[in-house]
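The file query_27.txt contains compact mmCIF, N, CA and C atoms:
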```
# COMPACT_ATOMS: atom_id res chain seq x y z
N MET A 1 -65.30 -53.14 23.31
CA MET A 1 -64.95 -52.98 21.92
C MET A 1 -66.21 -52.56 21.15
N VAL A 2 -66.08 -51.55 20.32
CA VAL A 2 -67.19 -51.05 19.52
C VAL A 2 -66.87 -51.30 18.04
N THR A 3 -67.86 -51.85 17.32
CA THR A 3 -67.68 -52.16 15.90
C THR A 3 -68.85 -51.58 15.11
N LEU A 4 -68.53 -50.95 13.99
CA LEU A 4 -69.55 -50.45 13.08
C LEU A 4 -69.43 -51.23 11.77
N SER A 5 -70.54 -51.87 11.35
CA SER A 5 -70.57 -52.61 10.10
C SER A 5 -71.62 -51.98 9.20
N VAL A 6 -71.32 -51.85 7.92
CA VAL A 6 -72.26 -51.30 6.94
C VAL A 6 -72.42 -52.36 5.85
N TYR A 7 -73.67 -52.69 5.53
CA TYR A 7 -73.92 -53.69 4.50
C TYR A 7 -75.19 -53.35 3.74
N LEU A 8 -75.33 -53.96 2.56
CA LEU A 8 -76.49 -53.75 1.70
C LEU A 8 -77.55 -54.79 2.03
N ASP A 9 -78.75 -54.32 2.38
CA ASP A 9 -79.85 -55.20 2.72
C ASP A 9 -80.98 -54.92 1.75
N GLY A 10 -80.99 -55.61 0.63
CA GLY A 10 -82.02 -55.35 -0.38
C GLY A 10 -81.69 -54.07 -1.11
N SER A 11 -82.48 -53.03 -0.89
CA SER A 11 -82.25 -51.77 -1.59
C SER A 11 -81.73 -50.68 -0.65
N PHE A 12 -81.51 -50.98 0.63
CA PHE A 12 -81.03 -49.98 1.58
C PHE A 12 -79.70 -50.40 2.17
N TRP A 13 -78.88 -49.41 2.50
CA TRP A 13 -77.63 -49.66 3.21
C TRP A 13 -77.91 -49.56 4.69
N ILE A 14 -77.48 -50.57 5.44
CA ILE A 14 -77.76 -50.67 6.87
C ILE A 14 -76.46 -50.56 7.64
N GLY A 15 -76.49 -49.81 8.74
CA GLY A 15 -75.35 -49.73 9.64
C GLY A 15 -75.70 -50.44 10.94
N VAL A 16 -74.77 -51.23 11.46
CA VAL A 16 -74.97 -51.95 12.72
C VAL A 16 -73.84 -51.56 13.65
N LEU A 17 -74.20 -51.00 14.81
CA LEU A 17 -73.22 -50.63 15.82
C LEU A 17 -73.28 -51.68 16.92
N GLU A 18 -72.15 -52.36 17.17
CA GLU A 18 -72.09 -53.43 18.16
C GLU A 18 -71.14 -53.01 19.28
N ILE A 19 -71.55 -53.29 20.51
CA ILE A 19 -70.72 -53.03 21.68
C ILE A 19 -70.53 -54.36 22.41
N VAL A 20 -69.26 -54.75 22.61
CA VAL A 20 -68.96 -55.98 23.35
C VAL A 20 -68.30 -55.57 24.66
N GLU A 21 -68.95 -55.91 25.78
CA GLU A 21 -68.43 -55.61 27.12
C GLU A 21 -68.68 -56.81 28.02
N ASP A 22 -67.67 -57.23 28.74
CA ASP A 22 -67.80 -58.31 29.72
C ASP A 22 -68.46 -59.56 29.13
N GLY A 23 -68.12 -59.90 27.90
CA GLY A 23 -68.66 -61.10 27.28
C GLY A 23 -70.10 -60.96 26.82
N GLU A 24 -70.63 -59.74 26.82
CA GLU A 24 -72.00 -59.50 26.36
C GLU A 24 -71.98 -58.58 25.15
N LEU A 25 -72.85 -58.85 24.22
CA LEU A 25 -72.95 -58.06 23.00
C LEU A 25 -74.26 -57.30 23.01
N ARG A 26 -74.16 -56.02 22.72
CA ARG A 26 -75.35 -55.17 22.56
C ARG A 26 -75.22 -54.47 21.20
N ALA A 27 -76.34 -54.32 20.50
CA ALA A 27 -76.25 -53.76 19.15
C ALA A 27 -77.45 -52.88 18.85
N THR A 28 -77.25 -51.97 17.91
CA THR A 28 -78.34 -51.16 17.37
C THR A 28 -78.15 -51.07 15.86
N ARG A 29 -79.24 -50.81 15.18
CA ARG A 29 -79.25 -50.81 13.72
C ARG A 29 -79.81 -49.48 13.23
N PHE A 30 -79.24 -48.94 12.16
CA PHE A 30 -79.76 -47.72 11.55
C PHE A 30 -79.64 -47.83 10.04
N THR A 31 -80.46 -47.06 9.31
CA THR A 31 -80.59 -47.20 7.86
C THR A 31 -80.05 -45.97 7.15
N PHE A 32 -79.28 -46.23 6.10
CA PHE A 32 -78.85 -45.19 5.17
C PHE A 32 -79.67 -45.35 3.91
N GLY A 33 -79.81 -44.29 3.13
CA GLY A 33 -80.50 -44.41 1.86
C GLY A 33 -79.58 -45.00 0.81
N ALA A 34 -78.68 -44.18 0.30
CA ALA A 34 -77.72 -44.62 -0.70
C ALA A 34 -76.47 -45.13 0.01
N GLU A 35 -75.54 -45.67 -0.78
CA GLU A 35 -74.31 -46.19 -0.19
C GLU A 35 -73.52 -45.04 0.42
N PRO A 36 -73.23 -45.11 1.74
CA PRO A 36 -72.52 -44.00 2.38
C PRO A 36 -71.02 -44.07 2.08
N THR A 37 -70.44 -42.90 1.87
CA THR A 37 -68.99 -42.84 1.69
C THR A 37 -68.35 -42.72 3.07
N ASP A 38 -67.03 -42.84 3.12
CA ASP A 38 -66.34 -42.73 4.40
C ASP A 38 -66.57 -41.38 5.08
N PRO A 39 -66.49 -40.26 4.35
CA PRO A 39 -66.77 -38.98 5.01
C PRO A 39 -68.22 -38.88 5.53
N GLU A 40 -69.16 -39.46 4.79
CA GLU A 40 -70.55 -39.45 5.25
C GLU A 40 -70.72 -40.28 6.51
N LEU A 41 -70.03 -41.43 6.58
CA LEU A 41 -70.07 -42.25 7.80
C LEU A 41 -69.50 -41.48 8.98
N TYR A 42 -68.37 -40.82 8.75
CA TYR A 42 -67.74 -40.05 9.81
C TYR A 42 -68.67 -38.95 10.31
N GLU A 43 -69.28 -38.24 9.37
CA GLU A 43 -70.19 -37.16 9.75
C GLU A 43 -71.40 -37.71 10.51
N HIS A 44 -71.92 -38.84 10.06
CA HIS A 44 -73.08 -39.46 10.74
C HIS A 44 -72.71 -39.85 12.17
N LEU A 45 -71.51 -40.41 12.34
CA LEU A 45 -71.07 -40.79 13.68
C LEU A 45 -70.84 -39.57 14.56
N MET A 46 -70.34 -38.49 13.98
CA MET A 46 -70.12 -37.27 14.76
C MET A 46 -71.46 -36.67 15.22
N ARG A 47 -72.46 -36.73 14.37
CA ARG A 47 -73.77 -36.16 14.71
C ARG A 47 -74.58 -37.06 15.64
N HIS A 48 -74.61 -38.36 15.32
CA HIS A 48 -75.52 -39.26 16.02
C HIS A 48 -74.81 -40.33 16.85
N GLY A 49 -73.50 -40.23 16.98
CA GLY A 49 -72.72 -41.27 17.65
C GLY A 49 -73.13 -41.51 19.09
N LEU A 50 -73.31 -40.43 19.85
CA LEU A 50 -73.68 -40.59 21.27
C LEU A 50 -75.06 -41.22 21.41
N ALA A 51 -75.99 -40.78 20.57
CA ALA A 51 -77.34 -41.35 20.63
C ALA A 51 -77.31 -42.84 20.24
N LEU A 52 -76.49 -43.19 19.24
CA LEU A 52 -76.38 -44.60 18.84
C LEU A 52 -75.76 -45.44 19.94
N LEU A 53 -74.73 -44.90 20.60
CA LEU A 53 -74.11 -45.63 21.71
C LEU A 53 -75.10 -45.83 22.85
N ALA A 54 -75.89 -44.79 23.15
CA ALA A 54 -76.89 -44.90 24.21
C ALA A 54 -77.96 -45.92 23.83
N GLN A 55 -78.36 -45.90 22.57
CA GLN A 55 -79.37 -46.85 22.09
C GLN A 55 -78.84 -48.28 22.16
N ALA A 56 -77.58 -48.47 21.77
CA ALA A 56 -76.99 -49.81 21.83
C ALA A 56 -76.81 -50.26 23.28
N SER A 57 -76.44 -49.34 24.17
CA SER A 57 -76.28 -49.70 25.58
C SER A 57 -77.60 -50.08 26.22
N ALA A 58 -78.68 -49.51 25.74
CA ALA A 58 -80.01 -49.81 26.29
C ALA A 58 -80.57 -51.12 25.73
N ALA A 59 -79.96 -51.64 24.67
CA ALA A 59 -80.44 -52.88 24.06
C ALA A 59 -80.18 -54.06 24.99
N PRO A 60 -81.01 -55.10 24.92
CA PRO A 60 -80.78 -56.27 25.77
C PRO A 60 -79.48 -56.98 25.41
N PRO A 61 -78.72 -57.42 26.41
CA PRO A 61 -77.44 -58.07 26.12
C PRO A 61 -77.63 -59.51 25.65
N VAL A 62 -76.71 -59.91 24.78
CA VAL A 62 -76.68 -61.28 24.26
C VAL A 62 -75.28 -61.80 24.53
N PRO A 63 -75.12 -63.07 24.93
CA PRO A 63 -73.77 -63.58 25.14
C PRO A 63 -72.96 -63.46 23.86
N ALA A 64 -71.75 -62.91 23.99
CA ALA A 64 -70.89 -62.73 22.82
C ALA A 64 -70.37 -64.08 22.37
N GLY A 65 -69.98 -64.17 21.11
CA GLY A 65 -69.47 -65.42 20.55
C GLY A 65 -68.14 -65.80 21.14
N SER A 66 -67.50 -66.79 20.53
CA SER A 66 -66.24 -67.31 21.06
C SER A 66 -65.13 -66.27 20.98
N GLY A 67 -65.23 -65.30 20.09
CA GLY A 67 -64.17 -64.30 19.95
C GLY A 67 -64.33 -63.14 20.91
N GLY A 68 -65.29 -63.16 21.78
CA GLY A 68 -65.57 -62.00 22.62
C GLY A 68 -64.73 -61.89 23.87
N GLY A 69 -64.21 -62.98 24.40
CA GLY A 69 -63.55 -62.87 25.69
C GLY A 69 -62.05 -63.05 25.59
N GLY A 70 -61.34 -62.65 26.62
CA GLY A 70 -59.91 -62.87 26.72
C GLY A 70 -59.09 -61.89 25.94
N ARG A 71 -57.78 -62.02 26.14
CA ARG A 71 -56.84 -61.14 25.46
C ARG A 71 -56.52 -61.72 24.08
N VAL A 72 -56.39 -60.85 23.09
CA VAL A 72 -56.13 -61.28 21.72
C VAL A 72 -54.70 -60.92 21.36
N ASN A 73 -54.01 -61.87 20.74
CA ASN A 73 -52.65 -61.64 20.26
C ASN A 73 -52.68 -60.50 19.25
N PRO A 74 -51.75 -59.54 19.32
CA PRO A 74 -51.77 -58.40 18.39
C PRO A 74 -51.70 -58.83 16.92
N LYS A 75 -50.92 -59.89 16.62
CA LYS A 75 -50.85 -60.34 15.23
C LYS A 75 -52.19 -60.90 14.79
N ARG A 76 -52.86 -61.63 15.69
CA ARG A 76 -54.19 -62.17 15.38
C ARG A 76 -55.18 -61.03 15.16
N ALA A 77 -55.10 -60.00 16.01
CA ALA A 77 -56.00 -58.84 15.86
C ALA A 77 -55.76 -58.16 14.52
N ALA A 78 -54.49 -58.06 14.10
CA ALA A 78 -54.19 -57.44 12.80
C ALA A 78 -54.78 -58.27 11.66
N LYS A 79 -54.67 -59.61 11.76
CA LYS A 79 -55.26 -60.48 10.74
C LYS A 79 -56.77 -60.30 10.67
N LEU A 80 -57.41 -60.28 11.85
CA LEU A 80 -58.87 -60.10 11.87
C LEU A 80 -59.28 -58.76 11.29
N ALA A 81 -58.51 -57.71 11.60
CA ALA A 81 -58.82 -56.39 11.05
C ALA A 81 -58.65 -56.38 9.53
N ALA A 82 -57.60 -57.07 9.02
CA ALA A 82 -57.40 -57.13 7.58
C ALA A 82 -58.54 -57.88 6.90
N ARG A 83 -59.00 -58.97 7.53
CA ARG A 83 -60.14 -59.71 6.97
C ARG A 83 -61.40 -58.86 6.95
N ALA A 84 -61.63 -58.11 8.03
CA ALA A 84 -62.82 -57.24 8.09
C ALA A 84 -62.74 -56.17 7.01
N ALA A 85 -61.56 -55.61 6.79
CA ALA A 85 -61.39 -54.60 5.74
C ALA A 85 -61.63 -55.22 4.37
N ALA A 86 -61.18 -56.45 4.17
CA ALA A 86 -61.40 -57.13 2.88
C ALA A 86 -62.88 -57.38 2.65
N ARG A 87 -63.61 -57.74 3.71
CA ARG A 87 -65.05 -57.96 3.57
C ARG A 87 -65.75 -56.67 3.22
N VAL A 88 -65.33 -55.55 3.79
CA VAL A 88 -65.95 -54.26 3.48
C VAL A 88 -65.73 -53.93 2.01
N SER A 89 -64.50 -54.14 1.51
CA SER A 89 -64.25 -53.83 0.11
C SER A 89 -65.02 -54.77 -0.80
N SER A 90 -65.22 -56.03 -0.37
CA SER A 90 -65.98 -56.95 -1.21
C SER A 90 -67.45 -56.55 -1.26
N ARG A 91 -67.96 -55.90 -0.22
CA ARG A 91 -69.34 -55.43 -0.27
C ARG A 91 -69.48 -54.36 -1.33
N SER A 92 -68.53 -53.43 -1.39
CA SER A 92 -68.64 -52.41 -2.43
C SER A 92 -68.45 -53.04 -3.80
N THR A 93 -67.65 -54.10 -3.89
CA THR A 93 -67.51 -54.81 -5.15
C THR A 93 -68.84 -55.45 -5.53
N ALA A 94 -69.56 -55.96 -4.53
CA ALA A 94 -70.88 -56.53 -4.81
C ALA A 94 -71.81 -55.46 -5.36
N ALA A 95 -71.73 -54.27 -4.80
CA ALA A 95 -72.56 -53.18 -5.32
C ALA A 95 -72.16 -52.84 -6.75
N GLN A 96 -70.85 -52.85 -7.00
CA GLN A 96 -70.40 -52.58 -8.36
C GLN A 96 -70.87 -53.69 -9.31
N GLU A 97 -70.87 -54.92 -8.83
CA GLU A 97 -71.35 -56.05 -9.64
C GLU A 97 -72.83 -55.87 -9.97
N ALA A 98 -73.62 -55.43 -8.98
CA ALA A 98 -75.05 -55.21 -9.22
C ALA A 98 -75.25 -54.11 -10.26
N MET A 99 -74.46 -53.04 -10.16
CA MET A 99 -74.58 -51.96 -11.14
C MET A 99 -74.16 -52.44 -12.53
N ARG A 100 -73.12 -53.30 -12.60
CA ARG A 100 -72.67 -53.84 -13.89
C ARG A 100 -73.76 -54.68 -14.53
N LEU A 101 -74.43 -55.52 -13.72
CA LEU A 101 -75.50 -56.36 -14.25
C LEU A 101 -76.67 -55.52 -14.76
N GLU A 102 -76.98 -54.44 -14.03
CA GLU A 102 -78.05 -53.55 -14.47
C GLU A 102 -77.68 -52.89 -15.80
N LEU A 103 -76.43 -52.46 -15.93
CA LEU A 103 -75.98 -51.83 -17.17
C LEU A 103 -76.06 -52.82 -18.33
N GLU A 104 -75.64 -54.07 -18.09
CA GLU A 104 -75.72 -55.09 -19.14
C GLU A 104 -77.16 -55.35 -19.57
N SER A 105 -78.08 -55.37 -18.60
CA SER A 105 -79.48 -55.60 -18.97
C SER A 105 -80.02 -54.44 -19.81
N ARG A 106 -79.60 -53.20 -19.46
CA ARG A 106 -80.03 -52.06 -20.27
C ARG A 106 -79.45 -52.14 -21.67
N LYS A 107 -78.20 -52.61 -21.79
CA LYS A 107 -77.58 -52.76 -23.11
C LYS A 107 -78.33 -53.79 -23.94
N ARG A 108 -78.72 -54.91 -23.28
CA ARG A 108 -79.47 -55.95 -23.99
C ARG A 108 -80.80 -55.40 -24.49
N GLU A 109 -81.48 -54.60 -23.66
CA GLU A 109 -82.76 -54.02 -24.08
C GLU A 109 -82.54 -53.09 -25.27
N ALA A 110 -81.48 -52.27 -25.20
CA ALA A 110 -81.19 -51.35 -26.31
C ALA A 110 -80.86 -52.14 -27.57
N ALA A 111 -80.11 -53.24 -27.42
CA ALA A 111 -79.78 -54.07 -28.59
C ALA A 111 -81.06 -54.66 -29.17
N GLY A 112 -81.99 -55.06 -28.31
CA GLY A 112 -83.27 -55.59 -28.79
C GLY A 112 -84.05 -54.54 -29.54
N ASP A 113 -84.01 -53.28 -29.07
CA ASP A 113 -84.69 -52.19 -29.77
C ASP A 113 -84.06 -51.96 -31.14
N ARG A 114 -82.72 -51.99 -31.20
CA ARG A 114 -82.04 -51.81 -32.49
C ARG A 114 -82.41 -52.94 -33.44
N LYS A 115 -82.48 -54.16 -32.92
CA LYS A 115 -82.83 -55.31 -33.75
C LYS A 115 -84.25 -55.15 -34.29
N ASP A 116 -85.18 -54.69 -33.45
CA ASP A 116 -86.55 -54.47 -33.90
C ASP A 116 -86.61 -53.42 -35.00
N ARG A 117 -85.84 -52.32 -34.83
CA ARG A 117 -85.83 -51.28 -35.86
C ARG A 117 -85.24 -51.81 -37.17
N ARG A 118 -84.17 -52.60 -37.05
CA ARG A 118 -83.54 -53.16 -38.24
C ARG A 118 -84.51 -54.10 -38.97
N GLU A 119 -85.23 -54.93 -38.22
CA GLU A 119 -86.20 -55.83 -38.84
C GLU A 119 -87.35 -55.06 -39.47
N ALA A 120 -87.79 -54.01 -38.82
CA ALA A 120 -88.87 -53.20 -39.39
C ALA A 120 -88.41 -52.53 -40.68
N LEU A 121 -87.16 -52.05 -40.71
CA LEU A 121 -86.63 -51.45 -41.93
C LEU A 121 -86.54 -52.48 -43.04
N ALA A 122 -86.11 -53.69 -42.72
CA ALA A 122 -86.02 -54.75 -43.73
C ALA A 122 -87.41 -55.10 -44.27
N ARG A 123 -88.42 -55.18 -43.38
CA ARG A 123 -89.80 -55.44 -43.85
C ARG A 123 -90.28 -54.33 -44.78
N HIS A 124 -89.97 -53.10 -44.42
CA HIS A 124 -90.38 -51.95 -45.24
C HIS A 124 -89.73 -52.01 -46.61
N LYS A 125 -88.42 -52.33 -46.66
CA LYS A 125 -87.73 -52.43 -47.94
C LYS A 125 -88.32 -53.54 -48.81
N ARG A 126 -88.63 -54.69 -48.18
CA ARG A 126 -89.24 -55.78 -48.94
C ARG A 126 -90.59 -55.36 -49.50
N GLU A 127 -91.36 -54.66 -48.68
CA GLU A 127 -92.68 -54.21 -49.13
C GLU A 127 -92.56 -53.22 -50.29
N VAL A 128 -91.61 -52.30 -50.19
CA VAL A 128 -91.40 -51.32 -51.27
C VAL A 128 -90.97 -52.04 -52.55
N SER A 129 -90.03 -52.99 -52.44
CA SER A 129 -89.58 -53.70 -53.65
C SER A 129 -90.71 -54.54 -54.22
N ARG A 130 -91.57 -55.13 -53.38
CA ARG A 130 -92.71 -55.90 -53.86
C ARG A 130 -93.67 -54.99 -54.63
N ARG A 131 -93.94 -53.79 -54.10
CA ARG A 131 -94.83 -52.85 -54.79
C ARG A 131 -94.24 -52.46 -56.15
N LYS A 132 -92.94 -52.19 -56.19
CA LYS A 132 -92.30 -51.81 -57.45
C LYS A 132 -92.40 -52.94 -58.47
N ARG A 133 -92.19 -54.16 -58.01
CA ARG A 133 -92.28 -55.31 -58.90
C ARG A 133 -93.69 -55.44 -59.47
N ILE A 134 -94.71 -55.25 -58.63
CA ILE A 134 -96.10 -55.31 -59.10
C ILE A 134 -96.38 -54.21 -60.10
N GLU A 135 -95.86 -53.00 -59.84
CA GLU A 135 -96.07 -51.89 -60.78
C GLU A 135 -95.41 -52.17 -62.11
N ARG A 136 -94.21 -52.75 -62.11
CA ARG A 136 -93.53 -53.06 -63.38
C ARG A 136 -94.35 -54.07 -64.20
N ARG A 137 -94.94 -55.05 -63.51
CA ARG A 137 -95.75 -56.04 -64.21
C ARG A 137 -96.99 -55.39 -64.81
N ARG A 138 -97.55 -54.46 -64.10
CA ARG A 138 -98.76 -53.80 -64.61
C ARG A 138 -98.45 -52.96 -65.85
N ASP A 139 -97.24 -52.38 -65.88
CA ASP A 139 -96.87 -51.52 -67.01
C ASP A 139 -96.63 -52.33 -68.28
N ARG A 140 -96.34 -53.58 -68.22
CA ARG A 140 -96.06 -54.39 -69.42
C ARG A 140 -97.24 -54.58 -70.25
```
So that I can check it, write out the structure of this file as structure tokens.
Amino acid sequence: MVTLSVYLDGSFWIGVLEIVEDGELRATRFTFGAEPTDPELYEHLMRHGLALLAQASAAPPVPAGSGGGGRVNPKRAAKLAARAAARVSSRSTAAQEAMRLELESRKREAAGDRKDRREALARHKREVSRRKRIERRRDR
């Protein structure tokens, strides 16, 4: 069984190709720059798939977990596939959440800039009215 997982690791998107054979797991890791789309993943696998499989096959084997051996009930396999798909969508939601937080922080900074400008304008108006008041007193 071959599995490809893509996840965000800090600022880079990482792909992990896992091969499970005879109760042994072999894996290889590769890095994407930005978040890859489905067509980009497909193209990457078409170009580098054989090299990635060879690299994973050459990796040292590790005993697979409890889910690695035996026959799996088709309904159970469908449930596991649905859970894996949900996890993938939640990762993109996490990316969207990170972008939302960044946008909110930029909005807060812009609001702070507007507040500074408003306060500076208020100080300027007070200063102008103070000067006018002093001039009126001098004219008396």
In chain A, DSSP strand (DSSP E or B) residues written as an MDAnalysis selection string: chainID A and resid 2:9 12:21 24:32 62:63
Could you save the residues just selected, with N, CA and C atoms, as a PDB file, keeping the file's coordinate frame?
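What follows is the written file part.pdb:
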```pdb
ATOM      1  N   VAL A   2     -66.080 -51.550  20.320  1.00  0.00           N
ATOM      2  CA  VAL A   2     -67.190 -51.050  19.520  1.00  0.00           C
ATOM      3  C   VAL A   2     -66.870 -51.300  18.040  1.00  0.00           C
ATOM      4  N   THR A   3     -67.860 -51.850  17.320  1.00  0.00           N
ATOM      5  CA  THR A   3     -67.680 -52.160  15.900  1.00  0.00           C
ATOM      6  C   THR A   3     -68.850 -51.580  15.110  1.00  0.00           C
ATOM      7  N   LEU A   4     -68.530 -50.950  13.990  1.00  0.00           N
ATOM      8  CA  LEU A   4     -69.550 -50.450  13.080  1.00  0.00           C
ATOM      9  C   LEU A   4     -69.430 -51.230  11.770  1.00  0.00           C
ATOM     10  N   SER A   5     -70.540 -51.870  11.350  1.00  0.00           N
ATOM     11  CA  SER A   5     -70.570 -52.610  10.100  1.00  0.00           C
ATOM     12  C   SER A   5     -71.620 -51.980   9.200  1.00  0.00           C
ATOM     13  N   VAL A   6     -71.320 -51.850   7.920  1.00  0.00           N
ATOM     14  CA  VAL A   6     -72.260 -51.300   6.940  1.00  0.00           C
ATOM     15  C   VAL A   6     -72.420 -52.360   5.850  1.00  0.00           C
ATOM     16  N   TYR A   7     -73.670 -52.690   5.530  1.00  0.00           N
ATOM     17  CA  TYR A   7     -73.920 -53.690   4.500  1.00  0.00           C
ATOM     18  C   TYR A   7     -75.190 -53.350   3.740  1.00  0.00           C
ATOM     19  N   LEU A   8     -75.330 -53.960   2.560  1.00  0.00           N
ATOM     20  CA  LEU A   8     -76.490 -53.750   1.700  1.00  0.00           C
ATOM     21  C   LEU A   8     -77.550 -54.790   2.030  1.00  0.00           C
ATOM     22  N   ASP A   9     -78.750 -54.320   2.380  1.00  0.00           N
ATOM     23  CA  ASP A   9     -79.850 -55.200   2.720  1.00  0.00           C
ATOM     24  C   ASP A   9     -80.980 -54.920   1.750  1.00  0.00           C
ATOM     25  N   PHE A  12     -81.510 -50.980   0.630  1.00  0.00           N
ATOM     26  CA  PHE A  12     -81.030 -49.980   1.580  1.00  0.00           C
ATOM     27  C   PHE A  12     -79.700 -50.400   2.170  1.00  0.00           C
ATOM     28  N   TRP A  13     -78.880 -49.410   2.500  1.00  0.00           N
ATOM     29  CA  TRP A  13     -77.630 -49.660   3.210  1.00  0.00           C
ATOM     30  C   TRP A  13     -77.910 -49.560   4.690  1.00  0.00           C
ATOM     31  N   ILE A  14     -77.480 -50.570   5.440  1.00  0.00           N
ATOM     32  CA  ILE A  14     -77.760 -50.670   6.870  1.00  0.00           C
ATOM     33  C   ILE A  14     -76.460 -50.560   7.640  1.00  0.00           C
ATOM     34  N   GLY A  15     -76.490 -49.810   8.740  1.00  0.00           N
ATOM     35  CA  GLY A  15     -75.350 -49.730   9.640  1.00  0.00           C
ATOM     36  C   GLY A  15     -75.700 -50.440  10.940  1.00  0.00           C
ATOM     37  N   VAL A  16     -74.770 -51.230  11.460  1.00  0.00           N
ATOM     38  CA  VAL A  16     -74.970 -51.950  12.720  1.00  0.00           C
ATOM     39  C   VAL A  16     -73.840 -51.560  13.650  1.00  0.00           C
ATOM     40  N   LEU A  17     -74.200 -51.000  14.810  1.00  0.00           N
ATOM     41  CA  LEU A  17     -73.220 -50.630  15.820  1.00  0.00           C
ATOM     42  C   LEU A  17     -73.280 -51.680  16.920  1.00  0.00           C
ATOM     43  N   GLU A  18     -72.150 -52.360  17.170  1.00  0.00           N
ATOM     44  CA  GLU A  18     -72.090 -53.430  18.160  1.00  0.00           C
ATOM     45  C   GLU A  18     -71.140 -53.010  19.280  1.00  0.00           C
ATOM     46  N   ILE A  19     -71.550 -53.290  20.510  1.00  0.00           N
ATOM     47  CA  ILE A  19     -70.720 -53.030  21.680  1.00  0.00           C
ATOM     48  C   ILE A  19     -70.530 -54.360  22.410  1.00  0.00           C
ATOM     49  N   VAL A  20     -69.260 -54.750  22.610  1.00  0.00           N
ATOM     50  CA  VAL A  20     -68.960 -55.980  23.350  1.00  0.00           C
ATOM     51  C   VAL A  20     -68.300 -55.570  24.660  1.00  0.00           C
ATOM     52  N   GLU A  21     -68.950 -55.910  25.780  1.00  0.00           N
ATOM     53  CA  GLU A  21     -68.430 -55.610  27.120  1.00  0.00           C
ATOM     54  C   GLU A  21     -68.680 -56.810  28.020  1.00  0.00           C
ATOM     55  N   GLU A  24     -70.630 -59.740  26.820  1.00  0.00           N
ATOM     56  CA  GLU A  24     -72.000 -59.500  26.360  1.00  0.00           C
ATOM     57  C   GLU A  24     -71.980 -58.580  25.150  1.00  0.00           C
ATOM     58  N   LEU A  25     -72.850 -58.850  24.220  1.00  0.00           N
ATOM     59  CA  LEU A  25     -72.950 -58.060  23.000  1.00  0.00           C
ATOM     60  C   LEU A  25     -74.260 -57.300  23.010  1.00  0.00           C
ATOM     61  N   ARG A  26     -74.160 -56.020  22.720  1.00  0.00           N
ATOM     62  CA  ARG A  26     -75.350 -55.170  22.560  1.00  0.00           C
ATOM     63  C   ARG A  26     -75.220 -54.470  21.200  1.00  0.00           C
ATOM     64  N   ALA A  27     -76.340 -54.320  20.500  1.00  0.00           N
ATOM     65  CA  ALA A  27     -76.250 -53.760  19.150  1.00  0.00           C
ATOM     66  C   ALA A  27     -77.450 -52.880  18.850  1.00  0.00           C
ATOM     67  N   THR A  28     -77.250 -51.970  17.910  1.00  0.00           N
ATOM     68  CA  THR A  28     -78.340 -51.160  17.370  1.00  0.00           C
ATOM     69  C   THR A  28     -78.150 -51.070  15.860  1.00  0.00           C
ATOM     70  N   ARG A  29     -79.240 -50.810  15.180  1.00  0.00           N
ATOM     71  CA  ARG A  29     -79.250 -50.810  13.720  1.00  0.00           C
ATOM     72  C   ARG A  29     -79.810 -49.480  13.230  1.00  0.00           C
ATOM     73  N   PHE A  30     -79.240 -48.940  12.160  1.00  0.00           N
ATOM     74  CA  PHE A  30     -79.760 -47.720  11.550  1.00  0.00           C
ATOM     75  C   PHE A  30     -79.640 -47.830  10.040  1.00  0.00           C
ATOM     76  N   THR A  31     -80.460 -47.060   9.310  1.00  0.00           N
ATOM     77  CA  THR A  31     -80.590 -47.200   7.860  1.00  0.00           C
ATOM     78  C   THR A  31     -80.050 -45.970   7.150  1.00  0.00           C
ATOM     79  N   PHE A  32     -79.280 -46.230   6.100  1.00  0.00           N
ATOM     80  CA  PHE A  32     -78.850 -45.190   5.170  1.00  0.00           C
ATOM     81  C   PHE A  32     -79.670 -45.350   3.910  1.00  0.00           C
ATOM     82  N   VAL A  62     -76.710 -59.910  24.780  1.00  0.00           N
ATOM     83  CA  VAL A  62     -76.680 -61.280  24.260  1.00  0.00           C
ATOM     84  C   VAL A  62     -75.280 -61.800  24.530  1.00  0.00           C
ATOM     85  N   PRO A  63     -75.120 -63.070  24.930  1.00  0.00           N
ATOM     86  CA  PRO A  63     -73.770 -63.580  25.140  1.00  0.00           C
ATOM     87  C   PRO A  63     -72.960 -63.460  23.860  1.00  0.00           C
TER      88      PRO A  63
END
```
If I take CA of Arg47 (chain A) and atom C of Arg26 (chain A), how far is one from the other in Å, to one decimal?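 Computing it gives 19.5 Å between the two atoms.
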CA of Ser5 (chain A) to CA of Leu17 (chain A), distance in Å rounded to a single decimal: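 Atom-to-atom, CA of Ser5 (chain A) to CA of Leu17 (chain A), that is 6.6 Å.
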Using all atoms listed in the file, which protein or nucleic acid residues come within 6.5 Å of Thr3 (chain A)? Drop anything in the same chain fewer than 3 positions from it, and give the result as a PyMOL selection string. chain A and resi 16-20
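Take the candidates A:Glu119, A:Ala56, A:Trp13, A:Tyr42 and check each one against Phe30 (chain A) using only N, CA and C atoms; the shortest distance goes to A:Trp13.
CA of Gly23 (chain A) lies 27.6 Å from CA of Asp9 (chain A).
Comparing A:Arg71, A:Arg76, A:Arg106, A:Arg29 by their smallest distance to Leu52 (chain A), the closest is A:Arg29 (using only C-alpha atoms).
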As JSON, numbers by chain, list the residues of chain A assigned to alpha helix (DSSP H) by DSSP on the backbone atoms of this structure. {"A": [38, 39, 40, 41, 42, 43, 44, 45, 46, 47, 48, 49, 50, 51, 52, 53, 54, 55, 56, 57, 58, 74, 75, 76, 77, 78, 79, 80, 81, 82, 83, 84, 85, 86, 87, 88, 89, 90, 91, 92, 93, 94, 95, 96, 97, 98, 99, 100, 101, 102, 103, 104, 105, 106, 107, 108, 109, 110, 111, 112, 113, 114, 115, 116, 117, 118, 119, 120, 121, 122, 123, 124, 125, 126, 127, 128, 129, 130, 131, 132, 133, 134, 135, 136, 137, 138, 139]}
